[in-house]
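Here is the structure we will look at, set down as structure tokens.
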Amino acid sequence: MEKTSTDAFPFTMNSSEKQETVCIFGTGDFGRSLALKMLQCGYSIVFGSRNPQKSSLLPNGAEVLSYSEAARKSDIIIIAVHREHYGFLTELTEVLKGKTLVDISNNLKINQYPESNAEYLAQLVPGAHVVKAFNTISAWALQSGALDANRQVFVCGNDSKAKQRVMDIVRTLGLTPLDQGSLMAAKEIENYPLQLFPMWKFPFYLSAFLCVFFFFYCVIRDIIYPYVNGGKDRTFRMAISIPNRVFPIAALTLLALVYLPGVIAAILQLYRGTKYRRFPDWLDHWMLCRKQLGLVALGFASLHVLYTLVIPIRYYVRWTIKNRTITQATAKREDPFSTSTAWLSDSYVALGILGFFLFVLLGITSLPSVSNTVNWREFRFVQSKLGYLTLILCTAHTMVYGGKRFLSPSSLIWYLPSAYVIALIIPCIVLVIKFVLVLPCIDKTLTRIRQGWERNAKPTLNGERYLKQSSVHLDSEL
Amino acid sequence: MEKTSTDAFPFTMNSSEKQETVCIFGTGDFGRSLALKMLQCGYSIVFGSRNPQKSSLLPNGAEVLSYSEAARKSDIIIIAVHREHYGFLTELTEVLKGKTLVDISNNLKINQYPESNAEYLAQLVPGAHVVKAFNTISAWALQSGALDANRQVFVCGNDSKAKQRVMDIVRTLGLTPLDQGSLMAAKEIENYPLQLFPMWKFPFYLSAFLCVFFFFYCVIRDIIYPYVNGGKDRTFRMAISIPNRVFPIAALTLLALVYLPGVIAAILQLYRGTKYRRFPDWLDHWMLCRKQLGLVALGFASLHVLYTLVIPIRYYVRWTIKNRTITQATAKREDPFSTSTAWLSDSYVALGILGFFLFVLLGITSLPSVSNTVNWREFRFVQSKLGYLTLILCTAHTMVYGGKRFLSPSSLIWYLPSAYVIALIIPCIVLVIKFVLVLPCIDKTLTRIRQGWERNAKPTLNGERYLKQSSVHLDSEL
Amino acid sequence: MEKTSTDAFPFTMNSSEKQETVCIFGTGDFGRSLALKMLQCGYSIVFGSRNPQKSSLLPNGAEVLSYSEAARKSDIIIIAVHREHYGFLTELTEVLKGKTLVDISNNLKINQYPESNAEYLAQLVPGAHVVKAFNTISAWALQSGALDANRQVFVCGNDSKAKQRVMDIVRTLGLTPLDQGSLMAAKEIENYPLQLFPMWKFPFYLSAFLCVFFFFYCVIRDIIYPYVNGGKDRTFRMAISIPNRVFPIAALTLLALVYLPGVIAAILQLYRGTKYRRFPDWLDHWMLCRKQLGLVALGFASLHVLYTLVIPIRYYVRWTIKNRTITQATAKREDPFSTSTAWLSDSYVALGILGFFLFVLLGITSLPSVSNTVNWREFRFVQSKLGYLTLILCTAHTMVYGGKRFLSPSSLIWYLPSAYVIALIIPCIVLVIKFVLVLPCIDKTLTRIRQGWERNAKPTLNGERYLKQSSVHLDSEL
């Protein structure tokens with residue numbers, strides 16, 4: 001066995017200092033990949049295995065020993081074994097005393113066990129320093145060095161010296177360690193790779209509900225009604241016409257819902273007279289997923305744009321225009337040109353284009369690499385000022401779409417108003433409240449509250465409270 | 001008070017080494033947020049306060065003492081107090097001797113004070129090592145750990161050991177420290193969070209001027225002229241027709257202005273016979289905001305695309321086509337098909353699409369995360385080669401748009417040529433000069449100059465100068 | 001000469017510790033830029049030069065000495081000299097013993113020399129520790145501190161202590177060091193800045209071939225055939241009509257080729273009964289450039305969308321519609337409305353829009369900064385599940401495009417089927433095989449193989465092998 005170790009020497013002949021030796025318990029896929037990568041980065045590797053003789057497929061230059069022999073060779077031991085097999089470690093308590101154990105395990109389900117694997121390991125081997133790391137990295141990413149994969153390694157542990165050494169290893173492997181604090185964070189770190197877009201769940205279900213509701217609403221008005229009152233087959237409208245009503249409605253509603261929690265928070269702060277009380281949980285959660293709501297809205301808006309631009313290609317539209325032209329040509333009658341209709345039609349389209357353009361700008365600035373290059377003042381300017389401008393343009397676009405028949409009773413079908421009228425309710429509420437909030441008298445009070453002033457507090461003499469107030473102001477308004 | 005401190009111990013029971021203690025002067029919003037984050041990352045926190053008894057809302061596990069008592073507990077003291085309140089620190093000069101003071105303050109305006117807050121602090125407490133840090137981070141970002149926010153922390157200071165320790169803290173908090181050199185950089189660091197897109201100002205004002213100028217130019221030709229010569233009301237053109245002339249003109253002009261400074265720089269270098277002389281300031285500034293100019297141009301080009309694609313949906317266009325068809329049908333007359341018009345129309349559109357496609361590609365590669373994954377040769381290939389190809393395609397698109405009436409005197413209105421003819425001036429100048437510059441004889445001289453050759457210099461015997469010449473060549477041409 | 005050095009002192013007066021001194025051999029452009037940046041970051045710089053007296057343009061605060069004198073002043077020596085001039089270093093072997101030499105050189109061509117410059121340097125000066133670094137950074141990027149440029153510095157070397165010191169310098173300069181292992185990696189690091197999109201070569205040539213082939217295929221069917229059988233001049237179709245057939249075909253074929261290697265790999269694994277055997281090289285390479293293939297396909301799909309949306313603007317289309325309308329109006333005949341045609345036309349368009357929308361989503365998630373924020377489970381969900389959904393939608397879009405005349409013999413021209421029929425071959429093959437692979441019985445075997453099970457292996461008793469199996473499963477299916 002010792003022979004295997006000497007194979008590695010040519011690799012490191014020039015090295016003036018003793019290489020650091022790392023021990024890995026377990027010779028599975030991930031243990032082997034990690035060993036290979038660490039060997040390439042100049043570490044010496046000792047595997048600990050139940051059956052040192054039977055282990056195969058190990059990378060060149062790595063030594064295989066029994067668990068206790070391997071553990072004696074290094075201060076850092078990576079536990080590449082499933083949690084269910086941790087039992088054998090209790091027998092090694094003496095050898096592992098004072099050593100750093102790196103827990104890299106994952107579970108199959110979120111919150112599978114009452115405590116995290118790393119905390120369980122710390123209980124089993126009380127004398128060792130347990131550090132959680134590497135669980136978010138895949139074996140394949142280690143082998144191929146793919147830059148695409150997530151290169152962040154979450155690290156946590158109670159012993160900061162042990163944690164620091166593990167973070168140094170992470171850095172040497174070309175990955176980015178992120179210190180997550182004490183071992184209490186292990187549960188969250190273990191749940192992370194099992195998550196499937198947790199922040200997108202609420203926006204997804206909300207938009208699915210909006211789509212289904214408005215789809216059936218439009219089916220009633222546009223397909224069932226003409227069928228009942230005239231027996232016309234309009235089912236083909238389900239492919240494009242109706243989606244092209246549902247998508248803009250969903251987009252506008254979701255965009256308004258991005259800004260609604262902000263105005264609710266402002267009203268709450270005004271009512272309470274302080275910013276030092278927590279918002280209710282539903283409001284907190286809502287505010288945290290505003291970015292996702294906005295991006296879903298942008299998706300719907302993009303679909304609306306594409307569905308609108310294909311209108312002149314559609315057979316139904318071409319057929320309608322052609323037949324209307326033929327009818328008029330046969331009757332030798334020309335429509336007079338209506339300047340007001342031209343104005344309405346053109347400004348409807350122009351408002352939509354400008355709104356969509358700003359919306360795409362908002363989307364681009366929410367890309368992580370773009371938002372990393374702007375400071376808070378710029379981020380707030382884009383997300384708040386441009387955001388409200390987008391909302392105003394899109395609301396105006398929808399209103400002008402209604403044009404002359406907006407709110408006219410003749411557009412009611414079975415007492416149901418047009419779908420776009422319903423879509424306008426939330427945006428208009430948000431814009432009206434926002435308009436009230438920016439009135440000088442109210443805005444002044446709100447600004448004072450956000451700068452730390454409390455309506456029912458004794459005045460503070462201390463200048464400290466006001467430090468960083470402007471940033472807080474920015475943020476709370478986002 | 002000591003009791004508060006012991007509360008923190010359970011947190012760190014397993015730690016084998018003494019935790020690092022950090023002192024924070026000031027119990028304001030940001031001081032508290034920083035303390036909470038540092039506690040979570042394993043630091044011990046001591047607050048220094050004017051009224052230790054009265055401080056409230058402090059995170060669990062932090063101790064509150066008087067300023068001098070707190071300062072004695074730690075080598076690193078974070079000054080979370082407004083600059084106006086720095087006065088009390090002069091009384092502590094003795095205690096603070098040799099300690100690291102971290103200045104985290106911001107101002108309300110750019111260049112509010114003659115010297116930066118950090119330099120002012122260094123003058124007040126001459127025996128201490130002042131390090132500027134954390135001012136670009138908001139309290140909210142520290143609390144929520146939002147990855148979206150800018151996670152870069154600019155750090156500067158005269159004492160490199162003190163700076164290193166602060167950078168270690170920054171790294172432990174999961175943020176990215178960026179060493180900005182000596183304390184002289186503090187002014188710039190303090191101005192950074194107050195900036196609002198400084199690099200975008202010139203492109204913004206320039207494009208605003210272009211838009212306003214060409215808008216009124218088109219209003220004269222397309223609205224006022226038909227009203228004066230025939231009393232026709234064409235005002236509705238202001239919504240779509242005229243913007244759809246202004247936007248492409250602005251896009252093409254700005255795109256040409258991206259490449260104009262490069263050819264001016266080449267002419268200057270040829271004229272001077274050396275690359276070792278600074279360009280005039282206006283040229284330097286222009287070259288630094290080329291990316292922003294290009295992105296604004298891309299914005300206008302995108303708007304032009306959207307405005308063009310909605311053409312067949314517009315009421316005015318539909319009405320015109322219908323009426324022309326009816327007139328011809330009534331007269332029983334069919335237009336003959338013109339192959340040359342089909343060629344012109346189709347190649348005009350195809351050139352526009354290909355130009356826009358390459359333009360979008362350029363925009364995507366200028367995203368920070370994309371440009372980080374390419375090397376210099378690739379970056380230059382995209383930004384220079386593809387950039388010029390885009391300019392050529394877009395210029396050709398505009399020329400073919402003119403088609404048969406390009407430069408014909410009949411398109412003059414009140415002696416004013418069509419707007420697109422004016423838009424072609426700068427792109428054509430750039431392309432002609434560039435064409436001259438890539439002629440072998442001139443290109444050879446230019447390449448030699450960019451490789452370090454000087455027309456009036458004695459020949460150097462030293463090979464060193466030529467190292468890295470190719471990179472320089474690349475850059476100066478970008 | 002010593003005087004120059006003292007000039008630097010005011011800069012660092014406040015420093016409590018001795019600054020680190022770095023020596024730079026060579027006073028060329030890059031050496032000077034590096035020196036300037038290092039001076040700004042607090043280092044002391046000594047230049048080594050052949051002619052210390054004649055060196056000019058050096059940054060303030062740097063000392064210039066002869067090579068051997070300079071080398072004695074520092075442990076770290078940066079070799080800013082071309083490889084051809086390395087010869088003089090052999091005379092300094094004694095002085096350089098045990099020191100760290102940083103090779104920053106680049107070549108003019110890939111694989112210009114049999115061994116890398118850094119390995120050549122290590123042979124010349126056997127007693128020194130050679131570290132390769134900084135070669136990917138340009139002088140211009142160091143001077144301007146442009147965030148846009150690639151800030152990653154690849155570092156490799158056999159001595160890990162020397163490498164660590166160089167990486168510390170890199171970090172201090174505000175750049176990101178990436179440890180690439182031993183000096184054997186130097187060749188790859190030196191080739192890196194000379195590469196021009198190596199991963200894009202195969203996708204580029206493949207798509208060029210597809211475009212040329214289908215272009216001529218369509219020219220035969222759409223231009224030569226009508227010319228031969230009727231003498232019609234249809235050449236103008238080359239500008240838009242034919243590209244708008246070629247681009248979607250290329251997009252669909254390339255998209256299918258993204259998923260073909262995955263199903264081939266699955267078949268190979270099923271046939272071999274193990275995942276522990278390497279795939280053939282061509283398959284490995286193919287799998288590595290799937291992202292590039294997908295992005296090129298997205299480019300073609302975007303062009304197809306633009307070319308399609310401009311259809312109603314084209315002169316040819318407007319002329320055709322107008323004349324058909326006039327003919328019918330003259331004949332006083334109206335087409336009856338066909339619901340089935342409306343359904344086909346609308347679902348064709350809707351499928352295309354939805355497919356394109358998902359395709360763009362896939363493209364956005366492949367942006368480095370976006371894919372960095374998702375975990376492996378999410379990345380796989382998007383790239384595999386959404387990817388196949390995109391392929392299904394786009395294949396269905398193409399099939400419905402054929403509509404009633406799909407596979408009908410009347411659409412054969414000179415025995416050639418329509419181009420879109422050929423485009424459907426590969427996607428249909430991929431989808432059929434994938435459908436077979438997800439059948440429960442086959443999927444179960446495949447999953448077991450990907451979890452480490454081997455058909456011909458003795459059962460393992462060891463739980464270790466199964467660790468991280470799920471990640472591997474994810475990856476191999478990507």
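Here's how to read the names in the structure tokens: chain A, B, ... by the order shown, residue numbers from 1 in each chain, ligand numbers from 1 in the order shown.
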
- Output the contact residues of chain C with respect to chain A at a cut-off of 8 Å, based on only C-alpha atoms, as a PyMOL selection string. chain C and resi 129+158-161+178-182+309+311-312+325-326+328-330+332+334-335+337+339+341-343+345-347+349-350+353-354+357+366+368-378+462-469+471-472+475

- Task: Could you please determine the separation between CA of Ala396 (chain B) and CA of Tyr348 (chain B) in Å, to one decimal place?
- Result: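 CA of Ala396 (chain B) sits 8.1 Å away from CA of Tyr348 (chain B).
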
- Which neighbours of Ala118 (chain C) fall inside 9 Å, counting only C-alpha atoms, when residues of the same chain fewer than 4 positions from it are skipped, and could you give them as a VMD selection string? chain C and resid 102 to 105 122 to 123 130 to 132 157 183 186 to 187 190

How would the residues just picked look written out with all heavy atoms as a compact mmCIF listing (two decimals), in the first residue's frame?
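The resulting selection-v3.txt:
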# COMPACT_ATOMS: atom_id res chain seq x y z
N VAL C 102 8.22 34.33 -11.47
CA VAL C 102 6.87 34.36 -12.04
C VAL C 102 6.98 34.55 -13.54
O VAL C 102 7.45 35.60 -14.01
CB VAL C 102 6.03 35.49 -11.41
CG1 VAL C 102 4.59 35.38 -11.90
CG2 VAL C 102 6.08 35.42 -9.91
N ASP C 103 6.59 33.53 -14.29
CA ASP C 103 6.62 33.62 -15.76
C ASP C 103 5.28 34.19 -16.22
O ASP C 103 4.22 33.61 -15.99
CB ASP C 103 6.84 32.21 -16.33
CG ASP C 103 7.01 32.24 -17.83
OD1 ASP C 103 6.08 32.73 -18.53
OD2 ASP C 103 8.02 31.78 -18.32
N ILE C 104 5.35 35.36 -16.90
CA ILE C 104 4.11 36.02 -17.33
C ILE C 104 4.02 36.09 -18.85
O ILE C 104 3.15 36.76 -19.39
CB ILE C 104 4.04 37.46 -16.77
CG1 ILE C 104 5.18 38.29 -17.34
CG2 ILE C 104 4.09 37.45 -15.27
CD1 ILE C 104 5.02 39.76 -17.06
N SER C 105 4.89 35.34 -19.54
CA SER C 105 5.00 35.50 -20.99
C SER C 105 3.90 34.79 -21.75
O SER C 105 3.29 33.84 -21.28
CB SER C 105 6.35 34.95 -21.44
OG SER C 105 6.39 33.57 -21.15
N ALA C 122 11.89 26.86 -15.96
CA ALA C 122 12.24 25.98 -14.84
C ALA C 122 13.47 25.15 -15.17
O ALA C 122 14.29 24.85 -14.29
CB ALA C 122 11.06 25.08 -14.49
N GLN C 123 13.61 24.76 -16.45
CA GLN C 123 14.81 24.01 -16.85
C GLN C 123 16.05 24.89 -16.82
O GLN C 123 17.13 24.45 -16.42
CB GLN C 123 14.63 23.45 -18.26
CG GLN C 123 13.68 22.28 -18.35
CD GLN C 123 13.28 22.01 -19.79
OE1 GLN C 123 13.97 22.41 -20.73
NE2 GLN C 123 12.15 21.35 -19.96
N VAL C 130 9.34 28.07 -10.16
CA VAL C 130 8.68 28.81 -11.23
C VAL C 130 7.17 28.73 -11.06
O VAL C 130 6.61 27.66 -10.83
CB VAL C 130 9.10 28.26 -12.61
CG1 VAL C 130 8.29 28.94 -13.70
CG2 VAL C 130 10.58 28.48 -12.81
N VAL C 131 6.52 29.88 -11.15
CA VAL C 131 5.07 29.97 -11.09
C VAL C 131 4.60 30.69 -12.35
O VAL C 131 5.16 31.72 -12.72
CB VAL C 131 4.61 30.73 -9.83
CG1 VAL C 131 3.11 30.94 -9.85
CG2 VAL C 131 5.03 30.00 -8.58
N LYS C 132 3.62 30.13 -13.00
CA LYS C 132 3.03 30.78 -14.19
C LYS C 132 1.85 31.63 -13.74
O LYS C 132 1.00 31.14 -12.99
CB LYS C 132 2.54 29.71 -15.16
CG LYS C 132 1.90 30.26 -16.42
CD LYS C 132 2.92 30.47 -17.49
CE LYS C 132 2.56 31.57 -18.45
NZ LYS C 132 3.66 31.84 -19.38
N GLY C 157 2.03 26.01 -10.70
CA GLY C 157 3.41 25.88 -10.25
C GLY C 157 3.58 24.63 -9.42
O GLY C 157 2.59 24.12 -8.87
N LEU C 183 2.99 22.74 -12.72
CA LEU C 183 3.51 23.48 -13.87
C LEU C 183 3.14 22.83 -15.22
O LEU C 183 3.25 23.46 -16.27
CB LEU C 183 5.03 23.61 -13.75
CG LEU C 183 5.66 24.87 -14.35
CD1 LEU C 183 5.01 26.10 -13.80
CD2 LEU C 183 7.15 24.91 -14.06
N ALA C 186 0.96 24.74 -17.45
CA ALA C 186 1.42 26.01 -18.02
C ALA C 186 1.12 26.10 -19.52
O ALA C 186 0.75 27.16 -20.03
CB ALA C 186 2.91 26.20 -17.76
N LYS C 187 1.27 24.97 -20.23
CA LYS C 187 1.06 24.99 -21.67
C LYS C 187 -0.36 25.45 -21.98
O LYS C 187 -0.58 26.31 -22.83
CB LYS C 187 1.31 23.61 -22.26
CG LYS C 187 1.44 23.65 -23.76
CD LYS C 187 2.07 22.39 -24.32
CE LYS C 187 2.60 22.64 -25.71
NZ LYS C 187 3.92 23.26 -25.68
N GLU C 190 -0.79 29.07 -21.27
CA GLU C 190 -0.18 29.94 -22.27
C GLU C 190 -0.97 29.95 -23.57
O GLU C 190 -0.95 30.93 -24.31
CB GLU C 190 1.27 29.50 -22.53
CG GLU C 190 2.18 29.90 -21.37
CD GLU C 190 3.58 29.33 -21.49
OE1 GLU C 190 3.94 28.84 -22.57
OE2 GLU C 190 4.31 29.40 -20.49

Do you know which residues are at most 9 Å from region 272-289 of chain C counting only C-alpha atoms, after dropping those on the same chain fewer than 4 positions away, and could you put them as an mmCIF file with C-alpha atoms, in the first residue's frame?
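Result file follows (result.cif):
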data_model
loop_
_atom_site.group_PDB
_atom_site.id
_atom_site.type_symbol
_atom_site.label_atom_id
_atom_site.label_comp_id
_atom_site.auth_asym_id
_atom_site.auth_seq_id
_atom_site.Cartn_x
_atom_site.Cartn_y
_atom_site.Cartn_z
ATOM 1 C CA LEU A 57 -10.968 2.870 -9.611
ATOM 2 C CA MET C 199 -15.678 25.343 -28.216
ATOM 3 C CA TRP C 200 -17.590 27.186 -30.938
ATOM 4 C CA PHE C 202 -17.620 22.520 -34.281
ATOM 5 C CA PRO C 203 -21.038 24.237 -33.910
ATOM 6 C CA VAL C 258 -28.043 19.019 -28.576
ATOM 7 C CA TYR C 259 -30.094 16.114 -27.259
ATOM 8 C CA PRO C 261 -25.539 12.702 -27.731
ATOM 9 C CA GLY C 262 -27.489 12.262 -24.490
ATOM 10 C CA ILE C 264 -26.599 7.895 -27.633
ATOM 11 C CA ALA C 265 -24.807 7.907 -24.272
ATOM 12 C CA ILE C 267 -27.919 3.541 -25.292
ATOM 13 C CA LEU C 268 -24.176 2.943 -24.841
ATOM 14 C CA LEU C 293 -24.813 24.047 -30.301
ATOM 15 C CA GLY C 294 -27.917 25.142 -28.425
ATOM 16 C CA THR C 445 -32.300 -0.231 -15.631
ATOM 17 C CA LEU C 446 -30.700 2.999 -16.810
ATOM 18 C CA ILE C 449 -26.599 1.853 -14.039
ATOM 19 C CA ARG C 450 -26.222 5.557 -13.389
ATOM 20 C CA GLN C 451 -26.349 4.888 -9.652
ATOM 21 C CA GLY C 452 -23.242 2.723 -10.008
ATOM 22 C CA TRP C 453 -24.799 -0.703 -10.591
ATOM 23 C CA GLU C 454 -22.823 -2.884 -13.059
ATOM 24 C CA ARG C 455 -24.430 -5.723 -14.948
ATOM 25 C CA ASN C 456 -21.363 -7.960 -14.870
ATOM 26 C CA ALA C 457 -19.957 -6.949 -11.482
ATOM 27 C CA LEU C 478 -27.579 16.667 -19.022
#

- Message: If you run DSSP on the backbone here, which positions in region 201-379 of chain A get helix (DSSP H, G or I)? Please write them as a VMD selection string.
- Response: chain A and resid 201 to 228 235 to 238 243 to 272 281 to 288 290 to 309 311 to 313 315 to 330 339 to 365 368 to 371 376 to 379

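Picture a line from CA of Cys156 (chain A) to CA of Ala185 (chain A); it runs 6.5 Å.
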
- Task: Write out as a PyMOL selection string each polymer residue whose atoms come within 10 Å of Gly387 (chain C), counting only C-alpha atoms; drop sequence neighbours fewer than 2 positions from it.
- Result: chain C and resi 255-256+258-259+294+355+358-359+361-362+380-385+389-393+478

Once you have the residues from the selection above, write them out as a compact mmCIF listing (two decimals), in the first residue's frame, restricted to C-alpha atoms.
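Written out: again.txt:
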# COMPACT_ATOMS: atom_id res chain seq x y z
CA LEU C 255 -31.49 21.75 -31.26
CA ALA C 256 -32.03 18.05 -31.92
CA VAL C 258 -28.04 19.02 -28.58
CA TYR C 259 -30.09 16.11 -27.26
CA GLY C 294 -27.92 25.14 -28.43
CA GLY C 355 -41.27 26.92 -28.47
CA LEU C 358 -38.94 28.39 -23.92
CA PHE C 359 -35.85 28.42 -26.13
CA LEU C 361 -35.60 30.95 -21.42
CA LEU C 362 -33.04 28.17 -21.92
CA ARG C 380 -30.99 20.03 -14.72
CA PHE C 381 -34.70 20.75 -14.55
CA VAL C 382 -34.33 23.71 -16.89
CA GLN C 383 -31.82 22.22 -19.31
CA SER C 384 -33.32 18.73 -19.52
CA LYS C 385 -37.07 18.99 -18.87
CA LEU C 389 -40.37 20.44 -24.06
CA THR C 390 -38.82 23.03 -26.39
CA LEU C 391 -37.77 20.31 -28.82
CA ILE C 392 -41.27 18.79 -28.77
CA LEU C 393 -42.93 22.18 -29.35
CA LEU C 478 -27.58 16.67 -19.02

- Residue set, region 58-132 of chain C restricted to strand (DSSP E), as number ranges by chain: C: 63-66, 76-79, 100-103, 129-132

- Message: When you look at Leu124 (chain B) with a cut-off of 9 Å (counting only C-alpha atoms), what residues show up, excluding the ones that are within fewer than 2 positions of it in the same chain? I need them as JSON, numbers by chain.
- Response: {"B": [86, 87, 89, 90, 93, 119, 120, 121, 122, 126]}

Output file for the selection above: C-alpha atoms, as a PDB file, in the first residue's frame:
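Output (selection35.pdb):
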ATOM      1  CA  TYR B  86     -16.184  62.264  15.013  1.00  0.00           C
ATOM      2  CA  GLY B  87     -15.110  64.968  17.476  1.00  0.00           C
ATOM      3  CA  LEU B  89     -12.559  60.491  19.096  1.00  0.00           C
ATOM      4  CA  THR B  90      -9.858  63.105  19.807  1.00  0.00           C
ATOM      5  CA  THR B  93      -6.309  59.291  21.045  1.00  0.00           C
ATOM      6  CA  GLU B 119      -8.660  61.039   5.770  1.00  0.00           C
ATOM      7  CA  TYR B 120     -10.339  63.428   8.236  1.00  0.00           C
ATOM      8  CA  LEU B 121     -10.492  60.557  10.732  1.00  0.00           C
ATOM      9  CA  ALA B 122      -6.812  59.796  10.160  1.00  0.00           C
ATOM     10  CA  PRO B 126      -2.963  60.265  14.057  1.00  0.00           C
TER      11      PRO B 126
END
